[in-house]
Amino acid sequence: MAITLETSNVLLLLVQALLYFGVMGALFWARRRVGLGVFLCALGVMHFLETYLAAVFYIQLPFGIISPGSTILFSGKLLMILLLYIKEDAATVRQPIYGLLIGNFLIVGLVIVLRNHEVVPAVPGREPNIAFVDEMGWLMVWGTTLLFLDAIGVILLYEHLGRWLRNRQLIRIFLASAAMLTFDQLGFFLALHYVTGAPWHVLYGGWAAKMGAAVVFSILVYAYLRLIERRRRDLTPLQLSDVFDTLTYRERYLDLLGGRGRDRLTGALDRGRFDSLGHELTEAALATGEPVSVLVLDVDGMRRINDREGRAAGDVILRDLTRLLNRTLGDGRCHLFRHGGDAFAIVALGLDHPTSVDLAELLRRTVARADLSDHGAIVTVSIGVASGPEDGRDLDGICATAEARLRDAKGAGRDRVIGRDGVAVS
């Protein structure tokens, strides 16, 4: 059976959607290795093409006439902005939203200046169409403004829908994107109708096509989140009072919960941050071949200190110990977490195993020399050190090895460091 022109156009649109999402999704997935800038640049460079196609390039579908630029490129861009928000944070997604707004306004500003040049016809018959440039310029201004509103709106809707659809992420993505694509279709068509005289049936056909695009891209985004980045944690939505300063992103979310991801007693990063940030740091380091080590540190005889000096005095020791450890580690690439009770964990990026053992020994000596107790108790620590990938291919494996070596250090007499060679350094 012969394929009709309309069916062929539908299939071509589907191929375009899969190609667009396949490339953009791959760039987003590779952001930890090649940087987020590659993804953001690819996201931004197609805006002029989107506007051009939306203004002049139409195809026939069973339900009406539509523009691939508006249906695929714009819808895809909006969903990729939402994906960026879901997997990163509001501070990151602000960058492409404002960048696209400013960059496209800059293009229009430059065109306004350029059109005042006295043009020299270098090639016969190839003179610039200033009327078309003006037309595209105003459409880009309006389209960019709509994109700015759409991008903010889709994020806000996604968050608000989370109150009722917390465990229905696919539905949240679709409803948020469908609502903002409807708003965009109405807004852009009014400008298109005014500037180019586009007929009203373009509005209805374009809306139907965008709803189809919302379905396809929502499924693709959801599949990507579940199958490709399923190990990374999603965040619970919060009540919103402002667009960017109070949007739910990691640090502000933890802050609203009452701790900015820090242990309330010591101020060290808490166990939840160890499970999230620690995994991200370790995974990124191992993926690029960068050395990464975990030091698990435990205060020797803390129960005895609590029994003799009181739990309040023990709490003071843990707070002072945290400050001492942070001063010794400095502001480099070593992250201190409270691992539980009187134990701490340090994720050290860029340090090979021998260097990490040296760092652990420095910490042990520094603690032993410090006067951490107001009642004369001698405070010492034992430390187990493990490094990836030799001691584990993820944070859990490396940490388990470090904990086993910590137990060996305790059993060997405490106040010592044990690394991979199994020999206690005291």
# chains A, B, ... in the order shown; residues from 1 in each chain; ligands from 1
call {"tool": "select_by_dssp", "arguments": {"residues": "range 342-409 of chain A", "states": "strand (DSSP E or B)", "output": "compact mmCIF listing (two decimals) with N, CA, C and O atoms, in the first residue's frame"}}
result
# COMPACT_ATOMS: atom_id res chain seq x y z
N ALA A 343 31.77 9.00 63.64
CA ALA A 343 32.55 8.66 62.45
C ALA A 343 32.35 9.73 61.38
O ALA A 343 31.28 10.32 61.23
N PHE A 344 33.42 9.98 60.61
CA PHE A 344 33.40 10.94 59.50
C PHE A 344 33.98 10.26 58.27
O PHE A 344 34.77 9.33 58.37
N ALA A 345 33.55 10.73 57.11
CA ALA A 345 34.09 10.24 55.84
C ALA A 345 34.57 11.43 55.02
O ALA A 345 33.95 12.50 55.03
N ILE A 346 35.67 11.24 54.33
CA ILE A 346 36.24 12.28 53.47
C ILE A 346 36.36 11.71 52.06
O ILE A 346 36.98 10.66 51.86
N VAL A 347 35.74 12.38 51.10
CA VAL A 347 35.91 12.01 49.69
C VAL A 347 36.96 12.96 49.12
O VAL A 347 36.75 14.16 49.04
N ALA A 348 38.11 12.39 48.75
CA ALA A 348 39.25 13.19 48.29
C ALA A 348 39.43 12.98 46.79
O ALA A 348 39.79 11.89 46.34
N LEU A 349 39.18 14.03 46.01
CA LEU A 349 39.33 13.97 44.57
C LEU A 349 40.74 14.38 44.16
O LEU A 349 41.32 15.29 44.73
N VAL A 381 42.15 9.66 66.74
CA VAL A 381 41.29 9.08 65.71
C VAL A 381 42.02 7.93 65.02
O VAL A 381 43.25 7.91 64.95
N SER A 382 41.23 7.00 64.53
CA SER A 382 41.73 5.94 63.66
C SER A 382 41.13 6.16 62.27
O SER A 382 39.98 6.60 62.16
N ILE A 383 41.91 5.83 61.24
CA ILE A 383 41.46 6.13 59.87
C ILE A 383 41.75 4.95 58.96
O ILE A 383 42.85 4.39 58.97
N GLY A 384 40.74 4.60 58.16
CA GLY A 384 40.92 3.63 57.09
C GLY A 384 40.88 4.33 55.75
O GLY A 384 40.05 5.22 55.54
N VAL A 385 41.77 3.95 54.82
CA VAL A 385 41.88 4.64 53.54
C VAL A 385 41.71 3.63 52.40
O VAL A 385 42.32 2.55 52.43
N ALA A 386 40.91 3.99 51.42
CA ALA A 386 40.73 3.16 50.22
C ALA A 386 40.62 4.08 49.01
O ALA A 386 40.20 5.23 49.13
N SER A 387 41.02 3.57 47.84
CA SER A 387 41.03 4.39 46.63
C SER A 387 40.48 3.59 45.46
O SER A 387 40.66 2.37 45.37
N GLY A 388 39.79 4.31 44.57
CA GLY A 388 39.25 3.67 43.39
C GLY A 388 40.12 3.89 42.16
O GLY A 388 40.89 4.84 42.12
call {"tool": "residues_around", "arguments": {"residues": "His335 in chain A", "least_positions_apart": "3", "cutoff": "10 Å", "atoms": "only C-alpha atoms", "output": "PyMOL selection string"}}
result
chain A and resi 268-269+274+277-278+281+294+326+329-332+345-349
call {"tool": "write_last_selection", "arguments": {"atoms": "C-alpha atoms", "output": "PDB file, in the first residue's frame"}}
result
ATOM      1  CA  ALA A 268      29.873  18.749  58.332  1.00  0.00           C
ATOM      2  CA  LEU A 269      27.990  17.573  55.235  1.00  0.00           C
ATOM      3  CA  PHE A 274      27.297  11.676  51.212  1.00  0.00           C
ATOM      4  CA  LEU A 277      27.003  14.311  46.311  1.00  0.00           C
ATOM      5  CA  GLY A 278      29.528  11.647  47.247  1.00  0.00           C
ATOM      6  CA  LEU A 281      31.779  13.125  42.723  1.00  0.00           C
ATOM      7  CA  VAL A 294      37.711   7.743  50.685  1.00  0.00           C
ATOM      8  CA  ASN A 326      38.047  21.351  57.787  1.00  0.00           C
ATOM      9  CA  LEU A 329      41.720  19.881  54.587  1.00  0.00           C
ATOM     10  CA  GLY A 330      41.440  23.492  53.385  1.00  0.00           C
ATOM     11  CA  ASP A 331      39.214  24.615  50.533  1.00  0.00           C
ATOM     12  CA  GLY A 332      40.502  22.109  48.003  1.00  0.00           C
ATOM     13  CA  ALA A 345      34.087  10.242  55.839  1.00  0.00           C
ATOM     14  CA  ILE A 346      36.241  12.280  53.469  1.00  0.00           C
ATOM     15  CA  VAL A 347      35.907  12.015  49.685  1.00  0.00           C
ATOM     16  CA  ALA A 348      39.252  13.187  48.286  1.00  0.00           C
ATOM     17  CA  LEU A 349      39.332  13.972  44.567  1.00  0.00           C
TER      18      LEU A 349
END
call {"tool": "residues_around", "arguments": {"residues": "range 203-213 of chain A", "least_positions_apart": "2", "cutoff": "7 Å", "atoms": "only C-alpha atoms", "output": "list in words"}}
result
Phe63, Gly64, Ile65, Ile66, Ser67, Thr71, Ile72, Ser75, Ala178, Leu181, Thr182, Gln185, Phe189, Trp200, His201, Val215, Val216 and Phe217 of chain A
call {"tool": "write_last_selection", "arguments": {"atoms": "N, CA, C and O atoms", "output": "PDB file, in the first residue's frame"}}
result
ATOM      1  N   PHE A  63      -4.249  16.495  10.076  1.00  0.00           N
ATOM      2  CA  PHE A  63      -5.109  17.406  10.833  1.00  0.00           C
ATOM      3  C   PHE A  63      -4.845  18.871  10.534  1.00  0.00           C
ATOM      4  O   PHE A  63      -5.375  19.750  11.219  1.00  0.00           O
ATOM      5  N   GLY A  64      -3.995  19.188   9.554  1.00  0.00           N
ATOM      6  CA  GLY A  64      -3.768  20.586   9.227  1.00  0.00           C
ATOM      7  C   GLY A  64      -2.364  20.873   8.757  1.00  0.00           C
ATOM      8  O   GLY A  64      -1.530  19.970   8.592  1.00  0.00           O
ATOM      9  N   ILE A  65      -2.100  22.158   8.555  1.00  0.00           N
ATOM     10  CA  ILE A  65      -0.786  22.620   8.108  1.00  0.00           C
ATOM     11  C   ILE A  65       0.026  23.022   9.331  1.00  0.00           C
ATOM     12  O   ILE A  65      -0.455  23.738  10.216  1.00  0.00           O
ATOM     13  N   ILE A  66       1.293  22.557   9.379  1.00  0.00           N
ATOM     14  CA  ILE A  66       2.141  22.851  10.556  1.00  0.00           C
ATOM     15  C   ILE A  66       3.547  23.203  10.090  1.00  0.00           C
ATOM     16  O   ILE A  66       3.940  22.953   8.950  1.00  0.00           O
ATOM     17  N   SER A  67       4.332  23.762  11.012  1.00  0.00           N
ATOM     18  CA  SER A  67       5.739  24.072  10.751  1.00  0.00           C
ATOM     19  C   SER A  67       6.631  23.142  11.567  1.00  0.00           C
ATOM     20  O   SER A  67       6.490  23.079  12.790  1.00  0.00           O
ATOM     21  N   THR A  71       7.066  22.825  15.649  1.00  0.00           N
ATOM     22  CA  THR A  71       6.627  21.559  16.231  1.00  0.00           C
ATOM     23  C   THR A  71       7.776  20.775  16.856  1.00  0.00           C
ATOM     24  O   THR A  71       7.667  20.292  17.991  1.00  0.00           O
ATOM     25  N   ILE A  72       8.877  20.640  16.155  1.00  0.00           N
ATOM     26  CA  ILE A  72       9.980  19.802  16.629  1.00  0.00           C
ATOM     27  C   ILE A  72      11.037  20.614  17.373  1.00  0.00           C
ATOM     28  O   ILE A  72      11.338  20.341  18.539  1.00  0.00           O
ATOM     29  N   SER A  75       9.446  22.764  20.462  1.00  0.00           N
ATOM     30  CA  SER A  75       8.937  21.862  21.490  1.00  0.00           C
ATOM     31  C   SER A  75      10.073  21.083  22.136  1.00  0.00           C
ATOM     32  O   SER A  75      10.110  20.909  23.363  1.00  0.00           O
ATOM     33  N   ALA A 178       2.485  20.542  27.699  1.00  0.00           N
ATOM     34  CA  ALA A 178       1.312  20.767  26.853  1.00  0.00           C
ATOM     35  C   ALA A 178       0.688  22.127  27.137  1.00  0.00           C
ATOM     36  O   ALA A 178       0.279  22.845  26.208  1.00  0.00           O
ATOM     37  N   LEU A 181       3.080  24.850  25.703  1.00  0.00           N
ATOM     38  CA  LEU A 181       3.091  24.827  24.239  1.00  0.00           C
ATOM     39  C   LEU A 181       1.785  25.379  23.674  1.00  0.00           C
ATOM     40  O   LEU A 181       1.763  25.993  22.601  1.00  0.00           O
ATOM     41  N   THR A 182       0.687  25.168  24.383  1.00  0.00           N
ATOM     42  CA  THR A 182      -0.588  25.785  23.976  1.00  0.00           C
ATOM     43  C   THR A 182      -0.491  27.303  24.074  1.00  0.00           C
ATOM     44  O   THR A 182      -0.901  28.037  23.156  1.00  0.00           O
ATOM     45  N   GLN A 185       1.731  28.538  21.266  1.00  0.00           N
ATOM     46  CA  GLN A 185       1.095  28.495  19.951  1.00  0.00           C
ATOM     47  C   GLN A 185       0.154  29.686  19.756  1.00  0.00           C
ATOM     48  O   GLN A 185       0.141  30.314  18.695  1.00  0.00           O
ATOM     49  N   PHE A 189       1.342  32.580  17.107  1.00  0.00           N
ATOM     50  CA  PHE A 189       0.497  32.692  15.921  1.00  0.00           C
ATOM     51  C   PHE A 189      -0.047  34.116  15.764  1.00  0.00           C
ATOM     52  O   PHE A 189      -0.156  34.618  14.627  1.00  0.00           O
ATOM     53  N   TRP A 200      -5.744  31.305   9.742  1.00  0.00           N
ATOM     54  CA  TRP A 200      -6.120  30.804  11.071  1.00  0.00           C
ATOM     55  C   TRP A 200      -6.013  29.291  11.195  1.00  0.00           C
ATOM     56  O   TRP A 200      -5.814  28.769  12.287  1.00  0.00           O
ATOM     57  N   HIS A 201      -6.171  28.573  10.085  1.00  0.00           N
ATOM     58  CA  HIS A 201      -6.074  27.112  10.211  1.00  0.00           C
ATOM     59  C   HIS A 201      -4.663  26.662  10.591  1.00  0.00           C
ATOM     60  O   HIS A 201      -4.462  25.546  11.067  1.00  0.00           O
ATOM     61  N   VAL A 215       3.558  14.827  23.617  1.00  0.00           N
ATOM     62  CA  VAL A 215       3.474  13.402  23.972  1.00  0.00           C
ATOM     63  C   VAL A 215       4.804  12.704  23.701  1.00  0.00           C
ATOM     64  O   VAL A 215       5.357  12.007  24.567  1.00  0.00           O
ATOM     65  N   VAL A 216       5.331  12.891  22.484  1.00  0.00           N
ATOM     66  CA  VAL A 216       6.564  12.193  22.094  1.00  0.00           C
ATOM     67  C   VAL A 216       7.733  12.613  22.966  1.00  0.00           C
ATOM     68  O   VAL A 216       8.457  11.766  23.534  1.00  0.00           O
ATOM     69  N   PHE A 217       7.952  13.922  23.111  1.00  0.00           N
ATOM     70  CA  PHE A 217       9.100  14.384  23.882  1.00  0.00           C
ATOM     71  C   PHE A 217       8.949  14.078  25.374  1.00  0.00           C
ATOM     72  O   PHE A 217       9.948  13.825  26.058  1.00  0.00           O
TER      73      PHE A 217
END
call {"tool": "residues_around", "arguments": {"residues": "Phe183 in chain A", "least_positions_apart": "5", "cutoff": "10 Å", "atoms": "only C-alpha atoms", "output": "list in words"}}
result
Leu146, Leu149, Asp150, Gly153, Ser177, Ala178, Phe188 and Trp207 of chain A
call {"tool": "write_last_selection", "arguments": {"atoms": "C-alpha atoms", "output": "PDB file, in the first residue's frame"}}
result
ATOM      1  CA  LEU A 146       7.547  33.810  24.539  1.00  0.00           C
ATOM      2  CA  LEU A 149       7.885  32.945  29.554  1.00  0.00           C
ATOM      3  CA  ASP A 150       7.445  29.354  28.365  1.00  0.00           C
ATOM      4  CA  GLY A 153       6.188  28.569  33.097  1.00  0.00           C
ATOM      5  CA  SER A 177       4.749  21.036  28.502  1.00  0.00           C
ATOM      6  CA  ALA A 178       1.312  20.767  26.853  1.00  0.00           C
ATOM      7  CA  PHE A 188       3.343  33.148  18.382  1.00  0.00           C
ATOM      8  CA  TRP A 207      -1.557  23.307  18.148  1.00  0.00           C
TER       9      TRP A 207
END
call {"tool": "atom_distance", "arguments": {"atom1": "CA of Leu297 in chain A", "atom2": "CA of Asp342 in chain A"}}
result
8.5 Å
call {"tool": "closest_residue", "arguments": {"among": "A:Leu170, A:Ile418, A:Ala400, A:Leu321", "to": "Ala360 in chain A", "atoms": "only C-alpha atoms"}}
result
A:Ile418
call {"tool": "closest_residue", "arguments": {"among": "A:Pro199, A:Ala402, A:Arg393, A:Tyr224", "to": "Tyr58 in chain A", "atoms": "only C-alpha atoms"}}
result
A:Pro199
